[in-house]
>>> print(open('start-v9.txt').read())   # compact mmCIF, C-alpha atoms and all ligand atoms
# COMPACT_ATOMS: atom_id res chain seq x y z
CA MET A 1 7.22 -30.58 13.00
CA LYS A 2 5.69 -34.01 13.24
CA ARG A 3 5.79 -33.80 17.04
CA LEU A 4 4.00 -30.45 17.03
CA MET A 5 1.36 -31.70 14.62
CA THR A 6 0.85 -34.64 16.99
CA ALA A 7 0.46 -32.21 19.89
CA VAL A 8 -2.26 -30.34 18.02
CA LEU A 9 -4.03 -33.60 17.13
CA ALA A 10 -3.77 -34.76 20.75
CA THR A 11 -5.47 -31.56 21.91
CA PHE A 12 -8.38 -32.23 19.57
CA ALA A 13 -8.43 -35.93 20.50
CA ALA A 14 -8.61 -35.09 24.25
CA ALA A 15 -11.73 -33.04 23.58
CA ALA A 16 -13.15 -36.01 21.65
CA ALA A 17 -13.58 -37.83 24.98
CA PHE A 18 -16.63 -35.55 25.57
CA ALA A 19 -18.39 -36.52 22.33
CA TYR A 20 -16.62 -33.69 20.63
CA PRO A 21 -16.90 -32.76 17.84
CA ASP A 22 -20.54 -33.31 17.04
CA LYS A 23 -20.64 -30.66 14.30
CA PRO A 24 -18.17 -29.27 11.71
CA ILE A 25 -15.10 -27.42 12.92
CA THR A 26 -13.98 -24.20 11.22
CA ILE A 27 -10.34 -23.27 10.81
CA VAL A 28 -10.05 -19.61 9.88
CA VAL A 29 -7.13 -18.74 7.64
CA PRO A 30 -6.52 -14.99 7.92
CA PHE A 31 -5.31 -14.81 4.30
CA ALA A 32 -6.72 -15.54 0.86
CA ALA A 33 -6.99 -19.05 -0.56
CA GLY A 34 -4.05 -20.47 -2.48
CA GLY A 35 -1.30 -19.03 -0.28
CA PRO A 36 1.00 -20.79 2.19
CA THR A 37 -1.16 -20.46 5.30
CA ASP A 38 -4.12 -21.73 3.32
CA LYS A 39 -2.11 -24.71 2.04
CA VAL A 40 -1.02 -25.69 5.55
CA ALA A 41 -4.59 -25.29 6.87
CA ARG A 42 -5.98 -27.51 4.12
CA ASP A 43 -3.42 -30.25 4.87
CA LEU A 44 -4.17 -29.91 8.58
CA GLY A 45 -7.89 -30.04 7.83
CA VAL A 46 -7.53 -33.35 5.97
CA ALA A 47 -5.52 -34.90 8.86
CA LEU A 48 -7.90 -33.59 11.53
CA GLY A 49 -11.00 -34.55 9.58
CA ALA A 50 -9.77 -38.14 9.22
CA GLN A 51 -8.86 -38.41 12.91
CA LEU A 52 -11.99 -36.73 14.28
CA LYS A 53 -14.35 -38.12 11.64
CA GLN A 54 -15.85 -34.69 11.29
CA THR A 55 -15.98 -32.04 8.56
CA ILE A 56 -13.29 -29.40 8.80
CA ILE A 57 -14.21 -26.16 7.08
CA ILE A 58 -11.40 -23.88 5.95
CA GLU A 59 -12.62 -20.30 5.94
CA ASN A 60 -10.44 -17.65 4.31
CA VAL A 61 -10.84 -14.24 5.93
CA GLY A 62 -8.04 -12.25 4.30
CA GLY A 63 -7.18 -8.58 4.65
CA ALA A 64 -5.23 -6.16 6.84
CA GLY A 65 -2.23 -8.45 7.20
CA GLY A 66 -4.20 -11.24 8.87
CA THR A 67 -5.84 -9.07 11.53
CA LEU A 68 -9.37 -9.34 10.07
CA GLY A 69 -9.33 -13.13 10.34
CA ALA A 70 -7.87 -13.00 13.83
CA ALA A 71 -10.56 -10.49 14.86
CA LYS A 72 -13.26 -12.83 13.60
CA VAL A 73 -11.92 -15.73 15.65
CA ALA A 74 -11.51 -13.53 18.73
CA LYS A 75 -15.27 -12.86 18.60
CA ALA A 76 -16.28 -16.49 17.95
CA ALA A 77 -17.79 -18.59 20.72
CA PRO A 78 -14.99 -20.26 22.74
CA ASP A 79 -16.54 -23.70 22.23
CA GLY A 80 -13.78 -25.55 20.39
CA TYR A 81 -15.44 -25.23 16.98
CA THR A 82 -13.54 -22.23 15.63
CA PHE A 83 -9.77 -22.16 15.31
CA LEU A 84 -7.29 -19.74 13.83
CA LEU A 85 -4.21 -20.82 11.91
CA HIS A 86 -1.88 -17.84 11.88
CA HIS A 87 1.84 -17.15 11.69
CA ILE A 88 4.42 -14.67 12.98
CA GLY A 89 1.90 -11.88 12.32
CA MET A 90 0.07 -12.91 15.47
CA ALA A 91 3.15 -11.90 17.48
CA THR A 92 4.03 -8.75 15.55
CA ALA A 93 0.57 -7.19 14.96
CA PRO A 94 0.29 -5.71 18.49
CA ALA A 95 3.47 -3.73 17.83
CA LEU A 96 2.50 -2.67 14.31
CA TYR A 97 -1.15 -1.68 14.74
CA ARG A 98 -2.11 1.27 16.95
CA LYS A 99 -5.41 -0.37 17.82
CA LEU A 100 -6.23 -4.02 17.33
CA PRO A 101 -9.82 -5.23 17.80
CA TYR A 102 -8.55 -8.14 19.91
CA SER A 103 -5.99 -9.04 22.51
CA VAL A 104 -3.52 -11.73 21.46
CA GLU A 105 -3.00 -12.75 25.10
CA ASN A 106 -6.59 -12.65 26.36
CA ASP A 107 -8.74 -13.66 23.41
CA PHE A 108 -6.83 -16.74 22.25
CA GLU A 109 -5.49 -19.94 23.64
CA TYR A 110 -2.29 -21.11 22.00
CA LEU A 111 -2.48 -24.74 20.86
CA GLY A 112 0.84 -25.35 19.14
CA MET A 113 2.98 -24.81 16.12
CA VAL A 114 2.22 -26.71 12.93
CA ASN A 115 5.21 -25.89 10.73
CA ASP A 116 8.29 -23.74 10.50
CA VAL A 117 9.33 -22.57 7.03
CA PRO A 118 11.84 -20.09 5.64
CA MET A 119 11.04 -17.14 3.41
CA THR A 120 12.36 -16.72 -0.11
CA VAL A 121 12.85 -13.65 -2.26
CA ILE A 122 11.42 -14.32 -5.69
CA GLY A 123 10.88 -12.30 -8.87
CA ARG A 124 8.54 -12.26 -11.84
CA PRO A 125 9.59 -14.61 -14.65
CA THR A 126 10.41 -11.72 -17.01
CA LEU A 127 12.71 -9.95 -14.55
CA PRO A 128 16.07 -9.59 -16.33
CA ALA A 129 18.17 -10.48 -13.24
CA ASN A 130 19.07 -14.15 -12.83
CA THR A 131 21.31 -14.05 -9.76
CA TYR A 132 21.22 -12.20 -6.44
CA PRO A 133 24.01 -9.73 -7.45
CA GLU A 134 22.17 -9.09 -10.72
CA LEU A 135 18.95 -8.51 -8.76
CA VAL A 136 20.67 -5.96 -6.50
CA LYS A 137 22.07 -4.17 -9.56
CA TRP A 138 18.64 -4.18 -11.25
CA LEU A 139 16.97 -2.84 -8.10
CA GLN A 140 19.54 -0.07 -7.82
CA GLU A 141 19.05 0.88 -11.47
CA ASN A 142 15.27 0.84 -11.19
CA LYS A 143 14.75 2.77 -7.95
CA GLY A 144 11.30 4.32 -7.80
CA LYS A 145 9.85 1.83 -10.30
CA ILE A 146 9.90 -1.40 -8.27
CA ASN A 147 6.70 -3.08 -7.09
CA LEU A 148 6.98 -5.42 -4.12
CA ALA A 149 3.96 -7.61 -3.40
CA ASN A 150 2.89 -8.56 0.12
CA ALA A 151 -0.05 -9.81 2.13
CA GLY A 152 -0.70 -6.57 4.02
CA LEU A 153 0.71 -4.75 7.02
CA GLY A 154 2.24 -7.21 9.46
CA ALA A 155 2.11 -10.25 7.19
CA ALA A 156 5.30 -12.28 7.01
CA SER A 157 5.79 -11.16 3.41
CA HIS A 158 5.51 -7.54 4.53
CA LEU A 159 8.03 -7.93 7.38
CA CYS A 160 10.47 -9.83 5.16
CA GLY A 161 10.03 -7.21 2.41
CA LEU A 162 10.75 -4.40 4.88
CA LEU A 163 13.98 -6.07 6.02
CA PHE A 164 14.95 -6.60 2.41
CA GLN A 165 14.38 -2.92 1.54
CA GLN A 166 16.20 -1.82 4.67
CA SER A 167 19.18 -4.06 3.99
CA LEU A 168 19.57 -2.65 0.47
CA GLN A 169 18.43 0.87 1.42
CA ILE A 170 16.08 0.92 -1.55
CA ASP A 171 12.45 1.97 -1.13
CA MET A 172 9.97 -0.04 -3.12
CA THR A 173 6.27 0.49 -3.79
CA THR A 174 4.48 -2.17 -1.77
CA VAL A 175 1.36 -3.71 -3.26
CA PRO A 176 -0.81 -5.32 -0.55
CA TYR A 177 -2.98 -8.35 -1.29
CA LYS A 178 -5.31 -10.40 0.89
CA GLY A 179 -2.70 -13.13 0.84
CA THR A 180 0.30 -14.22 -1.14
CA GLY A 181 -1.83 -16.70 -3.12
CA PRO A 182 -3.30 -13.90 -5.28
CA ALA A 183 0.01 -12.02 -5.08
CA MET A 184 1.73 -15.04 -6.64
CA THR A 185 -0.78 -14.97 -9.53
CA ASP A 186 0.16 -11.35 -10.23
CA LEU A 187 3.88 -12.08 -9.90
CA LEU A 188 3.57 -14.94 -12.41
CA GLY A 189 1.68 -12.59 -14.72
CA GLY A 190 4.39 -9.92 -14.38
CA ARG A 191 2.07 -7.36 -12.75
CA VAL A 192 4.42 -7.01 -9.75
CA ASP A 193 8.20 -7.40 -9.72
CA ILE A 194 9.25 -9.18 -6.55
CA MET A 195 7.90 -10.77 -3.40
CA CYS A 196 9.08 -12.40 -0.19
CA ASP A 197 7.13 -15.51 0.68
CA GLN A 198 7.22 -18.82 2.51
CA THR A 199 8.65 -21.84 0.71
CA THR A 200 5.24 -23.47 1.19
CA ASN A 201 4.05 -21.21 -1.60
CA THR A 202 7.23 -20.65 -3.58
CA SER A 203 9.18 -23.92 -3.83
CA SER A 204 6.97 -25.55 -6.49
CA GLN A 205 7.07 -22.37 -8.60
CA ILE A 206 10.84 -22.14 -8.15
CA GLU A 207 11.38 -25.82 -8.98
CA SER A 208 9.30 -25.58 -12.13
CA GLY A 209 11.18 -22.43 -13.17
CA LYS A 210 8.04 -20.29 -13.21
CA VAL A 211 9.49 -17.57 -10.94
CA LYS A 212 13.04 -16.40 -10.37
CA ALA A 213 14.53 -17.23 -6.97
CA TYR A 214 17.19 -14.97 -5.47
CA ALA A 215 17.57 -15.39 -1.74
CA VAL A 216 16.45 -17.26 1.33
CA THR A 217 16.23 -16.30 4.99
CA THR A 218 17.97 -19.42 6.29
CA LEU A 219 21.59 -19.51 7.41
CA LYS A 220 22.44 -22.07 4.76
CA PRO A 221 21.37 -21.85 1.11
CA LEU A 222 18.42 -23.99 0.08
CA THR A 223 18.88 -26.01 -3.06
CA THR A 224 16.37 -27.53 -5.41
CA PRO A 225 17.30 -30.15 -7.99
CA GLY A 226 18.44 -28.58 -11.22
CA ARG A 227 18.18 -24.99 -9.99
CA PRO A 228 20.98 -22.75 -8.74
CA SER A 229 21.06 -22.40 -4.96
CA CYS A 230 19.72 -19.21 -3.43
CA ARG A 231 21.88 -16.85 -1.47
CA ARG A 232 21.08 -15.68 2.02
CA TRP A 233 20.80 -11.92 2.35
CA THR A 234 21.98 -10.20 5.47
CA ALA A 235 21.40 -6.81 7.10
CA ARG A 236 24.13 -5.47 4.83
CA GLY A 237 22.62 -6.99 1.72
N1 LIG A 301 2.42 -15.76 3.14
C1 LIG A 301 1.54 -14.71 3.47
C2 LIG A 301 2.26 -13.72 4.32
O1 LIG A 301 2.42 -13.86 5.49
C3 LIG A 301 0.25 -15.05 4.01
C4 LIG A 301 -0.51 -16.06 3.22
O2 LIG A 301 -1.10 -15.74 2.20
O3 LIG A 301 -0.52 -17.19 3.68
O4 LIG A 301 2.67 -12.77 3.82
>>> encode(input="start-v9.txt", output="structure tokens")
Amino acid sequence: MKRLMTAVLATFAAAAAFAYPDKPITIVVPFAAGGPTDKVARDLGVALGAQLKQTIIIENVGGAGGTLGAAKVAKAAPDGYTFLLHHIGMATAPALYRKLPYSVENDFEYLGMVNDVPMTVIGRPTLPANTYPELVKWLQENKGKINLANAGLGAASHLCGLLFQQSLQIDMTTVPYKGTGPAMTDLLGGRVDIMCDQTTNTSSQIESGKVKAYAVTTLKPLTTPGRPSCRRWTARG
């Protein structure tokens, strides 16, 4: 991850040879503030700002699974002052949306990967299930009443949630947000039942015991001090 971050910084630094940047740079986050993509962008913004000695503006343009933010960047002047920090949704949106207002291949130049994080399946603090088998039992007993939060069609949380539903063969009511930052607020408040989200957003809530953690999408379980390890779920549940 460090190497990739360095690659991104090097790209910006190379441009600096031409007195760049002489005005603030905007990084568009295609999700709401407070979520995982936003957190990574803000960390990246601090590192870039220090290296380039320039203001880095983080602009949240959430909605439609990240496609609104991507569309905004596609239309921006290609002058090195507007960047998009996106995730897997950039690769999957062309297959999920009938008509996108941009072309992933033609309207963007790929600069590099900043981080690679697993997804976790988490539940509201008041959810009666404490373990993965208990969660499966609870989901089976509550079919038709389960609310699954996500960040819109094509977001990582949506894709992960779809696989989760498919693996258990249980349909859930999906509640789309502009990002999993606001979705997390509703999960903590018990307004939705479960969510799939990146550890960037979930690990601190899991470690402090504020949400229930049930499963991870890594081959090996992830452990956090003092908390039971999560179980990986597979296509068969
Ligand atoms: N984690 C979200 C998702 O892909 C996006 C975000 O809010 O960063 O579902």
>>> residues_near_ligand(input="start-v9.txt", ligand="ligand LIG 301 (chain A)", cutoff="9 Å", atoms="only C-alpha atoms and all ligand atoms", output="ChimeraX atom specification")
/A:29-40,62,65-66,86-89,119,149-160,177-183,196-198,200-201
>>> write_last_selection(input="start-v9.txt", atoms="C-alpha atoms", output="JSON list (two decimals), in the coordinates of the input")
[["chain", "number", "residue", "atom", "x", "y", "z"],
["A", 29, "VAL", "CA", -7.13, -18.74, 7.64],
["A", 30, "PRO", "CA", -6.52, -14.99, 7.92],
["A", 31, "PHE", "CA", -5.31, -14.81, 4.30],
["A", 32, "ALA", "CA", -6.72, -15.54, 0.86],
["A", 33, "ALA", "CA", -6.99, -19.05, -0.56],
["A", 34, "GLY", "CA", -4.05, -20.47, -2.48],
["A", 35, "GLY", "CA", -1.30, -19.03, -0.28],
["A", 36, "PRO", "CA", 1.00, -20.79, 2.19],
["A", 37, "THR", "CA", -1.16, -20.46, 5.30],
["A", 38, "ASP", "CA", -4.12, -21.73, 3.32],
["A", 39, "LYS", "CA", -2.11, -24.71, 2.04],
["A", 40, "VAL", "CA", -1.02, -25.69, 5.55],
["A", 62, "GLY", "CA", -8.04, -12.25, 4.30],
["A", 65, "GLY", "CA", -2.23, -8.45, 7.20],
["A", 66, "GLY", "CA", -4.20, -11.24, 8.87],
["A", 86, "HIS", "CA", -1.88, -17.84, 11.88],
["A", 87, "HIS", "CA", 1.84, -17.15, 11.69],
["A", 88, "ILE", "CA", 4.42, -14.67, 12.98],
["A", 89, "GLY", "CA", 1.90, -11.88, 12.32],
["A", 119, "MET", "CA", 11.04, -17.14, 3.41],
["A", 149, "ALA", "CA", 3.96, -7.61, -3.40],
["A", 150, "ASN", "CA", 2.89, -8.56, 0.12],
["A", 151, "ALA", "CA", -0.05, -9.81, 2.13],
["A", 152, "GLY", "CA", -0.70, -6.57, 4.02],
["A", 153, "LEU", "CA", 0.71, -4.75, 7.02],
["A", 154, "GLY", "CA", 2.24, -7.21, 9.46],
["A", 155, "ALA", "CA", 2.11, -10.25, 7.19],
["A", 156, "ALA", "CA", 5.30, -12.28, 7.01],
["A", 157, "SER", "CA", 5.79, -11.16, 3.41],
["A", 158, "HIS", "CA", 5.51, -7.54, 4.53],
["A", 159, "LEU", "CA", 8.03, -7.93, 7.38],
["A", 160, "CYS", "CA", 10.47, -9.83, 5.16],
["A", 177, "TYR", "CA", -2.98, -8.35, -1.29],
["A", 178, "LYS", "CA", -5.31, -10.40, 0.89],
["A", 179, "GLY", "CA", -2.70, -13.13, 0.84],
["A", 180, "THR", "CA", 0.30, -14.22, -1.14],
["A", 181, "GLY", "CA", -1.83, -16.70, -3.12],
["A", 182, "PRO", "CA", -3.30, -13.90, -5.28],
["A", 183, "ALA", "CA", 0.01, -12.02, -5.08],
["A", 196, "CYS", "CA", 9.08, -12.40, -0.19],
["A", 197, "ASP", "CA", 7.13, -15.51, 0.68],
["A", 198, "GLN", "CA", 7.22, -18.82, 2.51],
["A", 200, "THR", "CA", 5.24, -23.47, 1.19],
["A", 201, "ASN", "CA", 4.05, -21.21, -1.60]]
>>> closest_residue(input="start-v9.txt", among="A:Asn130, A:Gln140, A:Gln165, A:Thr199", to="Thr217 of chain A", atoms="all atoms listed in the file")
A:Thr199
>>> axis_aligned_box(input="start-v9.txt", around="segment 38-45 of chain A", padding_each_side="3 Å", output="lines of an AutoDock Vina configuration file")
center_x = -4.5
center_y = -26.0
center_z = 5.3
size_x = 12.9
size_y = 14.5
size_z = 12.5
>>> atom_distance(input="start-v9.txt", atom1="atom CA of Val136 of chain A", atom2="atom CA of Met172 of chain A")
12.7 Å
>>> closest_residue(input="start-v9.txt", among="A:Ala93, A:Gln205, A:Leu168, A:Tyr214", to="Lys143 of chain A", atoms="only C-alpha atoms")
A:Leu168
>>> closest_residue(input="start-v9.txt", among="A:Ile58, A:Val192, A:Ile122, A:Ile25", to="Val216 of chain A", atoms="all atoms listed in the file")
A:Ile122
>>> residues_near_point(input="start-v9.txt", point="(15.3, -16.1, -6.9)", cutoff="12 Å", atoms="only C-alpha atoms", output="PyMOL selection string")
chain A and resi 119-125+127-136+193-197+199+202-203+205-207+209-217+221-224+227-233
>>> atom_distance(input="start-v9.txt", atom1="atom CA of Gln54 of chain A", atom2="atom CA of Ile27 of chain A")
12.7 Å
